[in-house]
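Trainee: Sharing target_1.cif below, mmCIF, C-alpha atoms:
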```
data_run
#
loop_
_atom_site.label_atom_id
_atom_site.label_comp_id
_atom_site.auth_asym_id
_atom_site.auth_seq_id
_atom_site.Cartn_x
_atom_site.Cartn_y
_atom_site.Cartn_z
CA MET A 1 116.30 47.12 151.28
CA LYS A 2 117.61 48.61 148.04
CA SER A 3 120.11 46.67 146.00
CA ARG A 4 123.54 48.13 145.28
CA ALA A 5 122.51 48.60 141.66
CA ARG A 6 119.41 50.58 142.64
CA THR A 7 121.37 52.71 145.12
CA MET A 8 123.90 53.52 142.40
CA LEU A 9 121.06 54.30 139.99
CA ASP A 10 119.51 56.71 142.51
CA LYS A 11 122.83 58.56 142.73
CA SER A 12 123.00 58.72 138.95
CA ILE A 13 119.50 60.19 138.75
CA ALA A 14 120.35 62.72 141.47
CA ALA A 15 123.43 63.83 139.52
CA MET A 16 121.44 64.21 136.30
CA LEU A 17 118.69 66.17 138.05
CA SER A 18 121.34 68.46 139.52
CA ALA A 19 122.82 68.97 136.05
CA ILE A 20 119.40 69.92 134.67
CA GLU A 21 118.62 72.22 137.59
CA ILE A 22 121.91 74.07 137.20
CA TYR A 23 121.51 74.41 133.45
CA ASN A 24 117.96 75.72 133.70
CA LYS A 25 118.79 78.47 136.19
CA PRO A 26 117.98 81.85 134.62
CA ASP A 27 121.28 83.41 135.65
CA PHE A 28 124.24 81.07 135.99
CA ASN A 29 127.59 82.00 134.48
CA TYR A 30 129.18 78.55 134.63
CA ARG A 31 126.22 76.78 133.06
CA ALA A 32 127.73 74.61 130.30
CA GLU A 33 130.80 73.63 132.28
CA THR A 34 128.90 72.56 135.41
CA PHE A 35 126.27 70.75 133.37
CA SER A 36 128.87 68.71 131.48
CA VAL A 37 130.66 67.69 134.71
CA LEU A 38 127.46 66.54 136.44
CA CYS A 39 126.04 64.89 133.32
CA ILE A 40 129.18 62.82 132.75
CA ASN A 41 129.19 61.85 136.42
CA SER A 42 125.58 60.71 136.06
CA TRP A 43 126.42 58.56 133.03
CA GLU A 44 129.33 56.92 134.86
CA LEU A 45 127.07 56.05 137.79
CA LEU A 46 124.41 54.69 135.42
CA PHE A 47 126.87 52.38 133.68
CA LYS A 48 128.19 51.18 137.02
CA ALA A 49 124.64 50.56 138.22
CA LYS A 50 124.07 48.41 135.14
CA VAL A 51 127.30 46.47 135.73
CA LEU A 52 126.17 45.78 139.30
CA GLN A 53 122.75 44.69 138.07
CA LEU A 54 124.29 42.29 135.56
CA ALA A 55 126.88 41.00 138.05
CA ARG A 56 124.36 40.07 140.75
CA ASN A 57 125.25 43.20 142.74
CA GLN A 58 128.79 42.03 143.40
CA VAL A 59 130.72 45.20 144.18
CA THR A 60 133.97 43.54 143.05
CA SER A 61 132.63 43.74 139.50
CA LEU A 62 133.45 47.46 139.62
CA TYR A 63 136.99 47.08 140.94
CA VAL A 64 140.13 47.55 138.88
CA TRP A 65 142.26 44.39 139.01
CA GLU A 66 145.97 44.16 138.28
CA HIS A 67 148.83 41.66 138.13
CA ARG A 68 151.49 42.80 140.58
CA GLN A 69 155.17 42.78 139.76
CA LEU A 70 157.11 40.11 141.62
CA LYS A 71 160.67 40.38 142.94
CA THR A 72 161.77 38.38 139.94
CA GLY A 73 160.50 41.14 137.69
CA LYS A 74 157.68 39.00 136.32
CA LYS A 75 153.98 39.67 136.71
CA SER A 76 152.00 37.63 139.23
CA LYS A 77 149.50 35.09 137.93
CA LYS A 78 147.06 36.09 140.63
CA ARG A 79 145.12 39.32 140.17
CA TYR A 80 144.93 41.86 142.95
CA ILE A 81 142.57 44.78 143.55
CA LYS A 82 144.24 48.04 142.61
CA THR A 83 143.92 50.71 145.29
CA ASN A 84 143.90 54.49 145.16
CA ARG A 85 146.01 56.89 147.22
CA ALA A 86 143.63 56.54 150.17
CA GLY A 87 144.01 52.77 150.10
CA ASN A 88 140.48 52.10 148.85
CA PRO A 89 139.71 49.91 145.81
CA MET A 90 139.83 51.77 142.51
CA SER A 91 136.67 51.51 140.44
CA VAL A 92 136.52 51.17 136.67
CA SER A 93 136.20 54.27 134.51
CA LEU A 94 133.10 55.38 132.64
CA PHE A 95 134.21 53.93 129.31
CA GLU A 96 135.51 50.72 130.91
CA ALA A 97 132.09 50.20 132.51
CA HIS A 98 130.57 50.77 129.06
CA ARG A 99 132.93 48.14 127.61
CA ILE A 100 132.06 45.61 130.32
CA ILE A 101 128.35 46.02 129.63
CA ILE A 102 128.77 45.50 125.89
CA GLU A 103 131.63 43.00 125.62
CA ASP A 104 131.42 40.98 128.84
CA TYR A 105 127.63 40.77 128.98
CA GLY A 106 126.56 41.29 125.37
CA VAL A 107 124.14 44.14 126.09
CA LYS A 108 123.37 46.11 122.93
CA VAL A 109 123.85 49.88 123.28
CA ASN A 110 123.38 52.24 120.34
CA LYS A 111 126.74 53.65 119.18
CA ALA A 112 125.35 57.20 119.32
CA VAL A 113 125.24 56.91 123.11
CA LYS A 114 129.01 56.46 123.42
CA THR A 115 129.74 59.11 120.78
CA ASN A 116 127.50 61.59 122.57
CA ILE A 117 129.19 60.90 125.92
CA ALA A 118 132.61 61.25 124.29
CA ALA A 119 131.60 64.67 122.92
CA LEU A 120 130.28 65.72 126.32
CA THR A 121 133.51 64.49 127.92
CA GLU A 122 135.51 66.67 125.54
CA ILE A 123 133.37 69.65 126.51
CA ARG A 124 134.04 68.90 130.18
CA ASP A 125 137.77 68.37 129.70
CA ASN A 126 138.15 71.54 127.65
CA SER A 127 135.89 73.76 129.76
CA ILE A 128 138.92 75.54 131.23
CA TYR A 129 139.37 77.14 127.81
CA PHE A 130 135.79 78.48 127.61
CA ILE A 131 136.45 82.19 128.03
CA ASN A 132 134.11 83.98 125.66
CA ASP A 133 130.35 84.13 126.11
CA ASP A 134 129.77 82.86 122.59
CA LEU A 135 126.30 81.84 121.43
CA THR A 136 127.57 79.34 118.86
CA LEU A 137 129.40 77.31 121.48
CA ALA A 138 126.52 77.59 123.96
CA ILE A 139 124.03 76.26 121.41
CA LYS A 140 126.31 73.36 120.49
CA VAL A 141 126.68 72.40 124.16
CA GLN A 142 122.90 72.46 124.50
CA GLU A 143 122.38 70.27 121.43
CA ILE A 144 124.81 67.68 122.77
CA GLY A 145 123.29 67.95 126.25
CA THR A 146 119.70 67.61 125.03
CA ALA A 147 120.55 64.43 123.13
CA SER A 148 122.41 63.12 126.17
CA LEU A 149 119.32 63.58 128.33
CA GLN A 150 117.14 61.79 125.81
CA ASN A 151 119.63 58.92 125.53
CA TYR A 152 119.78 58.69 129.31
CA LEU A 153 116.00 58.65 129.64
CA HIS A 154 115.56 55.82 127.15
CA LEU A 155 118.44 53.74 128.51
CA VAL A 156 117.25 53.98 132.13
CA GLN A 157 113.76 52.99 130.98
CA GLU A 158 115.15 50.04 129.04
CA TRP A 159 117.46 48.83 131.82
CA PHE A 160 115.59 49.61 135.03
CA GLY A 161 111.95 50.20 134.11
CA PRO A 162 109.77 53.30 134.65
CA VAL A 163 111.79 54.89 137.46
CA LEU A 164 111.92 58.34 135.80
CA ASP A 165 108.21 58.81 135.13
CA LYS A 166 107.85 61.42 137.87
CA TYR A 167 110.61 63.67 136.50
CA ASN A 168 110.69 66.20 133.67
CA PHE A 169 113.91 65.74 131.73
CA TYR A 170 114.56 68.72 129.49
CA LEU A 171 116.95 71.61 129.07
CA MET A 172 115.44 75.06 128.78
CA PRO A 173 116.00 76.32 125.21
CA MET A 174 118.56 79.07 124.70
CA ALA A 175 115.72 81.35 123.61
CA PHE A 176 114.71 81.72 127.25
CA PHE A 177 118.17 82.83 128.32
CA ARG A 178 118.95 85.50 125.78
CA GLY A 179 117.98 87.11 122.49
CA PHE A 180 118.13 84.06 120.28
CA ASP A 181 117.94 86.06 117.07
CA SER A 182 121.21 87.90 117.71
CA VAL A 183 124.83 87.09 118.52
CA ASN A 184 126.89 89.27 120.81
CA GLY A 185 129.81 89.46 118.38
CA GLU A 186 132.50 87.94 120.57
CA THR A 187 134.93 85.68 118.76
CA LEU A 188 135.97 82.19 119.74
CA ASN A 189 139.51 81.63 120.93
CA ALA A 190 141.67 78.92 119.34
CA SER A 191 140.78 76.28 121.94
CA GLU A 192 137.05 76.93 121.64
CA LYS A 193 137.30 76.64 117.86
CA LYS A 194 139.02 73.27 118.21
CA ILE A 195 136.27 71.82 120.39
CA LEU A 196 133.64 73.03 117.91
CA GLU A 197 135.61 71.55 115.01
CA TYR A 198 135.81 68.23 116.88
CA ILE A 199 132.05 68.16 117.51
CA ASP A 200 131.33 69.10 113.88
CA SER A 201 133.57 66.26 112.68
CA ILE A 202 131.75 63.57 114.67
CA GLU A 203 128.34 65.01 113.80
CA LYS A 204 129.07 64.36 110.13
CA GLU A 205 128.98 60.62 110.85
CA TYR A 206 125.31 60.97 111.80
CA ASP A 207 124.18 63.48 109.14
CA ASP A 208 122.29 60.86 107.15
CA GLU A 209 120.62 59.22 110.15
CA SER A 210 117.02 60.04 111.04
CA LEU A 211 115.79 60.96 114.51
CA SER A 212 115.70 57.96 116.85
CA ASP A 213 115.60 57.14 120.55
CA TYR A 214 119.39 57.58 120.68
CA ASN A 215 121.15 60.54 119.05
CA LEU A 216 124.44 62.41 119.09
CA SER A 217 122.88 65.87 119.22
CA LEU A 218 119.39 67.38 119.12
CA ARG A 219 118.27 70.90 118.32
CA ILE A 220 115.24 72.50 119.94
CA ASP A 221 113.36 75.00 117.78
CA VAL A 222 111.27 77.51 119.73
CA ASN A 223 108.29 79.35 118.31
CA PHE A 224 106.08 81.67 120.32
CA LYS A 225 102.42 81.63 119.32
CA LYS A 226 99.33 83.18 120.78
CA VAL A 227 96.75 80.51 121.56
CA LYS A 228 93.10 80.66 122.41
CA SER A 229 91.83 79.53 125.78
CA GLY A 230 90.95 75.88 125.92
CA SER A 231 93.36 74.96 123.13
CA GLY A 232 95.81 73.14 125.36
CA VAL A 233 96.44 69.43 125.44
CA PRO A 234 93.27 67.63 126.58
CA ILE A 235 93.45 65.21 129.47
CA GLN A 236 90.93 62.83 130.90
CA ILE A 237 90.71 61.33 134.36
CA THR A 238 88.89 58.03 134.60
CA ASN A 239 87.54 55.92 137.43
CA ASP A 240 87.28 52.91 135.15
CA ALA A 241 88.37 49.92 137.22
CA LYS A 242 89.43 48.16 134.03
CA ALA A 243 91.95 50.87 133.11
CA PRO A 244 95.54 49.58 133.11
CA VAL A 245 97.55 50.26 136.25
CA VAL A 246 101.27 51.02 136.09
CA ARG A 247 103.04 49.43 139.02
CA LEU A 248 106.48 50.56 140.11
CA ALA A 249 107.24 46.96 141.08
CA GLU A 250 108.64 46.71 137.54
CA GLU A 251 111.96 48.11 138.76
CA GLU A 252 112.21 45.32 141.32
CA ILE A 253 111.58 42.76 138.59
CA MET A 254 114.42 44.23 136.52
CA ASP A 255 116.71 43.90 139.53
CA LYS A 256 115.83 40.24 139.98
CA TYR A 257 115.90 39.32 136.28
CA PRO A 258 118.53 41.60 134.67
CA TRP A 259 119.64 39.31 131.81
CA ASP A 260 117.92 38.99 128.46
CA TYR A 261 118.66 36.33 125.82
CA ASP A 262 121.72 38.15 124.43
CA VAL A 263 123.29 38.65 127.85
CA LEU A 264 122.65 35.05 128.90
CA THR A 265 124.16 33.70 125.69
CA THR A 266 127.23 35.95 126.03
CA ARG A 267 127.81 34.89 129.64
CA LEU A 268 127.52 31.20 128.73
CA LYS A 269 130.07 31.60 125.92
CA LYS A 270 132.50 33.16 128.37
CA ARG A 271 131.81 30.60 131.11
CA TYR A 272 132.05 27.26 129.27
CA SER A 273 134.63 25.74 126.96
CA ASP A 274 132.16 23.49 125.13
CA PHE A 275 129.17 25.82 124.82
CA LYS A 276 127.42 26.32 121.50
CA ALA A 277 124.24 28.29 120.83
CA ASN A 278 122.57 25.33 119.17
CA ALA A 279 119.39 23.31 119.54
CA ASP A 280 120.59 21.71 122.79
CA TYR A 281 121.14 25.14 124.33
CA HIS A 282 117.69 26.34 123.29
CA ARG A 283 116.11 23.17 124.66
CA ILE A 284 117.82 23.57 128.05
CA ARG A 285 116.97 27.26 128.23
CA LYS A 286 113.32 26.80 127.31
CA SER A 287 112.92 24.01 129.85
CA HIS A 288 113.45 26.61 132.61
CA GLU A 289 111.42 29.50 131.18
CA ASP A 290 108.37 28.59 133.26
CA ASN A 291 110.41 28.47 136.46
CA GLU A 292 109.94 31.82 138.24
CA LYS A 293 113.13 31.17 140.19
CA TYR A 294 115.12 31.69 137.01
CA CYS A 295 112.89 33.42 134.46
CA HIS A 296 110.33 36.17 134.07
CA LYS A 297 108.19 36.78 131.00
CA ARG A 298 107.63 40.49 130.49
CA LEU A 299 104.61 41.40 128.36
CA TYR A 300 105.17 44.00 125.64
CA ASN A 301 101.77 45.42 126.54
CA PRO A 302 100.87 44.64 130.19
CA SER A 303 97.19 45.37 129.56
CA ASN A 304 97.04 42.79 126.76
CA PRO A 305 98.05 39.23 127.72
CA ASP A 306 98.17 38.30 124.02
CA SER A 307 100.62 41.06 123.05
CA GLY A 308 103.66 38.80 123.17
CA SER A 309 106.45 38.75 125.72
CA LYS A 310 110.20 38.85 126.24
CA VAL A 311 111.95 36.50 128.63
CA PHE A 312 114.41 37.80 131.23
CA PHE A 313 116.68 35.63 133.34
CA ASN A 314 118.05 35.57 136.87
CA PRO A 315 121.85 35.00 136.87
CA ASN A 316 121.33 31.99 139.13
CA ILE A 317 120.19 30.08 136.05
CA LEU A 318 123.90 29.46 135.46
CA LYS A 319 123.66 26.70 138.08
CA GLU A 320 121.41 24.75 135.73
CA PHE A 321 123.72 25.17 132.77
CA ASP A 322 126.65 24.02 134.93
CA LYS A 323 125.04 20.58 134.81
CA HIS A 324 125.35 20.44 131.02
CA TYR A 325 128.56 22.27 130.11
CA THR A 326 132.22 22.34 131.17
CA LYS A 327 133.54 25.47 132.87
CA LYS A 328 136.64 27.09 131.46
CA SER A 329 139.71 26.54 133.59
#
```
How would this structure read if it were set down as structure tokens?

Mentor:
Amino acid sequence: MKSRARTMLDKSIAAMLSAIEIYNKPDFNYRAETFSVLCINSWELLFKAKVLQLARNQVTSLYVWEHRQLKTGKKSKKRYIKTNRAGNPMSVSLFEAHRIIIEDYGVKVNKAVKTNIAALTEIRDNSIYFINDDLTLAIKVQEIGTASLQNYLHLVQEWFGPVLDKYNFYLMPMAFFRGFDSVNGETLNASEKKILEYIDSIEKEYDDESLSDYNLSLRIDVNFKKVKSGSGVPIQITNDAKAPVVRLAEEEIMDKYPWDYDVLTTRLKKRYSDFKANADYHRIRKSHEDNEKYCHKRLYNPSNPDSGSKVFFNPNILKEFDKHYTKKS
């Protein structure tokens, strides 16, 4: 049975695949707007899947909590689940889920990821003003979208393992949609100019940064060349029994052991009043690293046992630390 985190991840992937499919259609007049809506939805589901993974799949970790106003006019000490108009629990927003991952669990996420999503959100929120079929705006949307796909691909790989290996994540370059060496001459309206000015302003923050796994925007340059037969990328199929095998069980391991050292340390700081990341902490932690109930050592190179490893933890390891530290009241 799939965990809640994995079910949420599957929905996120489905939304992103839908965004790509819509964008890559040869004739679709609402391309950029629909792509931005689905892409943002996918990111929100991904962040919520990560929150669930970190919070031991407790669905309440996604709820919005509030202090209700009492008859006296004061706020209640007890927190209650905030509900929507239908009476169902309200879930946290995209950026609140991002905050929980970083601040409450100490997961490191490149700042370009949030900036890229913010830019894509602005495109979505301002799509009502996209009137003119302007190439400049279309290219800018694609550059933001391409970087968003790359960021998504790397983050899913880092958080959940190789679950996207069977998919091709790319946006078809603008060159395949229209004459990329000419502009149709239509002018941008005031609202379209503002969104471009906003994107240009945040891109300046990353002008001096080199290409990395996480970026604000990416440009695809297309060149058509005639090639000779047999000049494609060579591949080789082997029946070597010693060849490394990639097992999809990795995603199950990530579900069971979602915390790394940084997340564990952050959670302990928030849980105990007398916790310090000192020699005692390291001694206690290392004493459990060989216990498969709490820890899993993930090799950097699975085919090489001597390649070094990174330790991941099951949240239940907190029970062991409860024996050594005092919980906050």

Trainee: So that I can check the surroundings of Ile284 in chain A, please list as a list in words every protein, DNA and RNA residue that reaches within 8 Å of it, counting only C-alpha atoms and ignoring chain neighbours fewer than 4 positions away.

Mentor: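 That gives Asp280, His288 and Phe321 of chain A.
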
Trainee: What is the distance between CA of Leu9 in chain A and CA of Lys50 in chain A, in Å to one decimal?

Mentor: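 Separation between CA of Leu9 in chain A and CA of Lys50 in chain A: 8.2 Å.
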
Trainee: As an exercise, work out the distance from CA of Pro89 in chain A to CA of Glu66 in chain A in Å and give it to one decimal place.

Mentor: 11.4 Å

Trainee: Taking the file as shown, what set of residues would the PyMOL selection byres ((chain A and resi 22) around 12) give back, as a VMD selection string?

Mentor: chain A and resid 15 to 21 23 to 39 170 to 172

Trainee: Extract, using all atoms listed in the file, all DNA, RNA and protein residues at most 10 Å from range 252-267 of chain A, discarding same-chain residues fewer than 5 positions from it, and format them as a PyMOL selection string.

Mentor: chain A and resi 2-6+50+52-57+101-108+158-161+272+275-277+281+285+292-298+310-318

Trainee: Determine the residue set returned by the PyMOL selection byres ((chain A and resi 141) around 12) for the present structure, and present it as a PyMOL selection string.

Mentor: chain A and resi 23+31-36+39+116-117+119-124+127+130+134-140+142-148+171+173-174+192+195-196+199-200+216-219

Trainee: For the atom pair CA of Arg85 in chain A and CA of Lys48 in chain A, what is the interatomic distance in Å to one decimal place?

Mentor: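 Separation of CA of Arg85 in chain A and CA of Lys48 in chain A: 21.3 Å.
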
Trainee: Using only C-alpha atoms, find the one residue out of A:Val64, A:Ile40, A:Ala49, A:Met8 that sits nearest to Lys82 in chain A.

Mentor: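 Between A:Val64, A:Ile40, A:Ala49, A:Met8, the residue approaching Lys82 in chain A most closely is A:Val64.
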
Trainee: For each of A:Met90, A:Arg283, A:Ser307, A:Lys327, take the minimum atom-to-atom distance to Lys270 in chain A, counting only C-alpha atoms, then give the residue where this is smallest.

Mentor: A:Lys327

Trainee: Go through A:Ser287, A:Thr72, A:Asn215, A:Asn41 one by one, measure the shortest atom-to-atom distance of each to Lys11 in chain A using only C-alpha atoms, and give the residue with the smallest value.

Mentor: A:Asn41
